[in-house]
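Asks: Okay, here's the structure, questions in a sec.
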Amino acid sequence: MAGDSPGTTRTLDARVWGKSDARPKVYIQAGLHADEMPGILVADHLTEMLDAAEAQGQITGEIWLVPIANPIGLEQWIAHKPQGRQDLTAMRNFNRGFPDLAALAADALEPVLTGSETENLTLIRRAFGEALAALPRGNALADLQLALLTWSHDADYVLDLHCDHQAVLHFYASPARPKDTALLSRATGAKLVLEQEVSGGNAFDEAHTAPWASLRQRFGKSFPIPAGCFSVTLEYRGQNDVSDALATKDAAELMVFLGAIGAVNGQSQPAFEEAPVLPLGGAGEIFAPQGGVVLWRAAPGDWVTKGDIIGEVLDPVTRVRAPVQAVTTGLLFRIELWPSCLRGQSLAHIAGKDVLRAGHLLTD
Ligand SMILES: [Zn+2]
């Protein structure tokens, strides 16, 4: 990929197992937020396991793995700290604003859709591919997003590996394919599924699910439109949960999922208990009552009740300790990385049953 300044280029690598026309096609990437190492390490261990499966003749689908989805972000360090979440040119989140496949392909699809869901699946994937091929090149960020989506747009399964600040293993899914959601949670041992049809912002996962929903909305009365892709953002715990022991276990559990969906033979059955599926709009955000030192009384993974004091913020000047209260009843699934905070800053999220928010649901 050409860089935006003279004399610079970057390389985006994909590893592929299986035959190019085999189904299911599974696309897995890590490091789209380039300061998140857990998924990148999982991808490394998964590579070894997929190589071994291939040597045994066990690959039945087509599996793509992009171990570093964002070489732009990976080189962004400021004052000795990695800054791989936003593109520093425009301070834009690398995982927002992917091309809207339905908007690009719908008009071309209108005259060709048929009464067969299977035929439409193929026609729609092909139209997505043609629409992407016709897009003009932009800058390095746009080219990166286009390259990733070009590889993934026709996949049956898309797993985007991320991590949070300090968190339990959880994932974001659309409600379109509940059986696959259950399989993934039972294969990985995720503690929580956050579900939303459209979260806003067209993140990479949504760029693969929202188009099918949107085409169904437009054409569904006349033509059968399948949910053509199961796509999720998997949050492999927190930034610092990086170890070979954890990543080996996580990669082995992804192999179980690949087995369960028929992409790889010879895997064990998903054996974890199914995680609770809660609305993304029910994820209540907690803000710092004052600036200072953050002291937690609860940890990610704790179930809490609305009004519980789950921590406090010490102002070291006044010596006042302001309580941090649970804004809803549910699972405290993530807290911020830093033990310092500014007044009004986001501190944590609790996933509950009651919907608290609508519209744009993701933080930048
Ligand atoms: Zn991320």
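Identifiers for the structure tokens are assigned positionally: chains receive A, B, ... in sequence, residues are indexed from 1 per chain, and ligands are indexed from 1 in the order shown.
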Give as number ranges by chain the residues surrounding ligand 1 up to a distance of 8 Å, considering only C-alpha atoms and all ligand atoms.
Replies: A: 31-34, 36, 85, 95, 161-164, 235
Asks: I'd like the neighbourhood of segment 343-346 of chain A as number ranges by chain, where a residue qualifies if any of its atoms comes within 7 Å (using only C-alpha atoms), though same-chain residues fewer than 4 positions away should be ignored.
Replies: A: 285-291
Asks: Can you write out the residues you just picked, keeping all heavy atoms, as a PDB file, in the first residue's frame?
Replies:
ATOM      1  N   GLU A 285     -22.727   3.724  31.159  1.00  0.00           N
ATOM      2  CA  GLU A 285     -21.384   4.284  31.288  1.00  0.00           C
ATOM      3  C   GLU A 285     -21.286   5.059  32.599  1.00  0.00           C
ATOM      4  O   GLU A 285     -22.198   5.779  32.981  1.00  0.00           O
ATOM      5  CB  GLU A 285     -21.120   5.221  30.093  1.00  0.00           C
ATOM      6  CG  GLU A 285     -19.686   5.651  29.954  1.00  0.00           C
ATOM      7  CD  GLU A 285     -19.415   6.291  28.582  1.00  0.00           C
ATOM      8  OE1 GLU A 285     -20.380   6.567  27.839  1.00  0.00           O
ATOM      9  OE2 GLU A 285     -18.231   6.517  28.271  1.00  0.00           O
ATOM     10  N   ILE A 286     -20.157   4.910  33.263  1.00  0.00           N
ATOM     11  CA  ILE A 286     -19.935   5.587  34.537  1.00  0.00           C
ATOM     12  C   ILE A 286     -18.870   6.654  34.347  1.00  0.00           C
ATOM     13  O   ILE A 286     -17.823   6.394  33.747  1.00  0.00           O
ATOM     14  CB  ILE A 286     -19.474   4.578  35.604  1.00  0.00           C
ATOM     15  CG1 ILE A 286     -20.602   3.585  35.863  1.00  0.00           C
ATOM     16  CG2 ILE A 286     -19.059   5.271  36.890  1.00  0.00           C
ATOM     17  CD1 ILE A 286     -20.182   2.393  36.678  1.00  0.00           C
ATOM     18  N   PHE A 287     -19.160   7.860  34.847  1.00  0.00           N
ATOM     19  CA  PHE A 287     -18.241   8.983  34.661  1.00  0.00           C
ATOM     20  C   PHE A 287     -17.627   9.393  35.999  1.00  0.00           C
ATOM     21  O   PHE A 287     -18.259   9.262  37.051  1.00  0.00           O
ATOM     22  CB  PHE A 287     -18.982  10.158  34.023  1.00  0.00           C
ATOM     23  CG  PHE A 287     -19.545   9.820  32.664  1.00  0.00           C
ATOM     24  CD1 PHE A 287     -20.882   9.450  32.525  1.00  0.00           C
ATOM     25  CD2 PHE A 287     -18.743   9.841  31.534  1.00  0.00           C
ATOM     26  CE1 PHE A 287     -21.408   9.116  31.283  1.00  0.00           C
ATOM     27  CE2 PHE A 287     -19.254   9.509  30.284  1.00  0.00           C
ATOM     28  CZ  PHE A 287     -20.587   9.148  30.160  1.00  0.00           C
ATOM     29  N   ALA A 288     -16.410   9.935  35.919  1.00  0.00           N
ATOM     30  CA  ALA A 288     -15.689  10.310  37.140  1.00  0.00           C
ATOM     31  C   ALA A 288     -16.352  11.520  37.806  1.00  0.00           C
ATOM     32  O   ALA A 288     -16.554  12.538  37.161  1.00  0.00           O
ATOM     33  CB  ALA A 288     -14.240  10.620  36.803  1.00  0.00           C
ATOM     34  N   PRO A 289     -16.666  11.408  39.102  1.00  0.00           N
ATOM     35  CA  PRO A 289     -17.298  12.532  39.812  1.00  0.00           C
ATOM     36  C   PRO A 289     -16.319  13.687  40.045  1.00  0.00           C
ATOM     37  O   PRO A 289     -16.737  14.820  40.251  1.00  0.00           O
ATOM     38  CB  PRO A 289     -17.740  11.900  41.134  1.00  0.00           C
ATOM     39  CG  PRO A 289     -16.842  10.709  41.318  1.00  0.00           C
ATOM     40  CD  PRO A 289     -16.515  10.221  39.948  1.00  0.00           C
ATOM     41  N   GLN A 290     -15.042  13.386  40.043  1.00  0.00           N
ATOM     42  CA  GLN A 290     -14.008  14.427  40.160  1.00  0.00           C
ATOM     43  C   GLN A 290     -12.710  13.853  39.601  1.00  0.00           C
ATOM     44  O   GLN A 290     -12.599  12.652  39.368  1.00  0.00           O
ATOM     45  CB  GLN A 290     -13.818  14.862  41.620  1.00  0.00           C
ATOM     46  CG  GLN A 290     -13.380  13.746  42.547  1.00  0.00           C
ATOM     47  CD  GLN A 290     -13.301  14.190  44.020  1.00  0.00           C
ATOM     48  OE1 GLN A 290     -13.695  15.290  44.374  1.00  0.00           O
ATOM     49  NE2 GLN A 290     -12.780  13.317  44.864  1.00  0.00           N
ATOM     50  N   GLY A 291     -11.737  14.711  39.417  1.00  0.00           N
ATOM     51  CA  GLY A 291     -10.445  14.208  38.954  1.00  0.00           C
ATOM     52  C   GLY A 291      -9.654  13.655  40.125  1.00  0.00           C
ATOM     53  O   GLY A 291      -9.903  14.009  41.274  1.00  0.00           O
TER      54      GLY A 291
END
Asks: Using only C-alpha atoms, determine which residues lie at most 7 Å from Gly301 of chain A, disregarding the query and same-chain residues fewer than 2 positions distant; provide the list as JSON, numbers by chain.
Replies: {"A": [168, 299, 303, 331, 332, 333]}
Asks: Would you save the residues of that selection, restricted to N, CA, C and O atoms, as a compact mmCIF listing (two decimals), in the first residue's frame?
Replies:
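So the final result, stored in again03.txt, reads:
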# COMPACT_ATOMS: atom_id res chain seq x y z
N VAL A 168 -13.44 -8.39 30.98
CA VAL A 168 -13.64 -9.83 30.79
C VAL A 168 -13.75 -10.07 29.28
O VAL A 168 -14.02 -9.14 28.50
N ALA A 299 -14.41 -5.38 40.43
CA ALA A 299 -13.51 -5.71 39.31
C ALA A 299 -14.34 -6.20 38.13
O ALA A 299 -15.47 -6.67 38.30
N TRP A 303 -20.92 -8.95 39.18
CA TRP A 303 -22.32 -8.52 38.98
C TRP A 303 -22.65 -7.52 40.07
O TRP A 303 -22.40 -7.78 41.26
N LEU A 331 -23.61 -6.64 34.77
CA LEU A 331 -22.22 -7.11 34.82
C LEU A 331 -21.26 -5.95 34.57
O LEU A 331 -21.30 -5.31 33.52
N LEU A 332 -20.40 -5.68 35.57
CA LEU A 332 -19.31 -4.72 35.36
C LEU A 332 -18.32 -5.44 34.45
O LEU A 332 -17.64 -6.36 34.88
N PHE A 333 -18.31 -5.04 33.16
CA PHE A 333 -17.50 -5.86 32.23
C PHE A 333 -16.22 -5.18 31.80
O PHE A 333 -15.32 -5.84 31.28
Asks: Could you list, as JSON, numbers by chain, every residue within 8 Å of Arg177 of chain A, counting only C-alpha atoms and ignoring same-chain residues fewer than 4 positions away?
Replies: {"A": [181, 227, 230]}
Asks: Now that the selection is made, can you save its residues with N, CA, C and O atoms as a CSV table (one decimal), in the first residue's frame?
Replies:
chain,number,residue,atom,x,y,z
A,181,THR,N,-24.1,-16.9,17.3
A,181,THR,CA,-23.7,-16.2,18.5
A,181,THR,C,-23.5,-17.2,19.7
A,181,THR,O,-22.5,-17.1,20.5
A,227,ALA,N,-29.2,-13.5,6.0
A,227,ALA,CA,-28.2,-12.8,6.8
A,227,ALA,C,-26.8,-13.5,6.4
A,227,ALA,O,-26.4,-14.4,6.9
A,230,PHE,N,-21.9,-13.7,9.5
A,230,PHE,CA,-21.9,-13.6,11.0
A,230,PHE,C,-20.6,-12.9,11.3
A,230,PHE,O,-19.5,-13.4,11.0
Asks: So which bits of segment 133-358 of chain A end up alpha helix (DSSP H) when you DSSP the backbone, as a PyMOL selection string?
Replies: chain A and resi 133-134+140-152+178-188+206-219+244-260
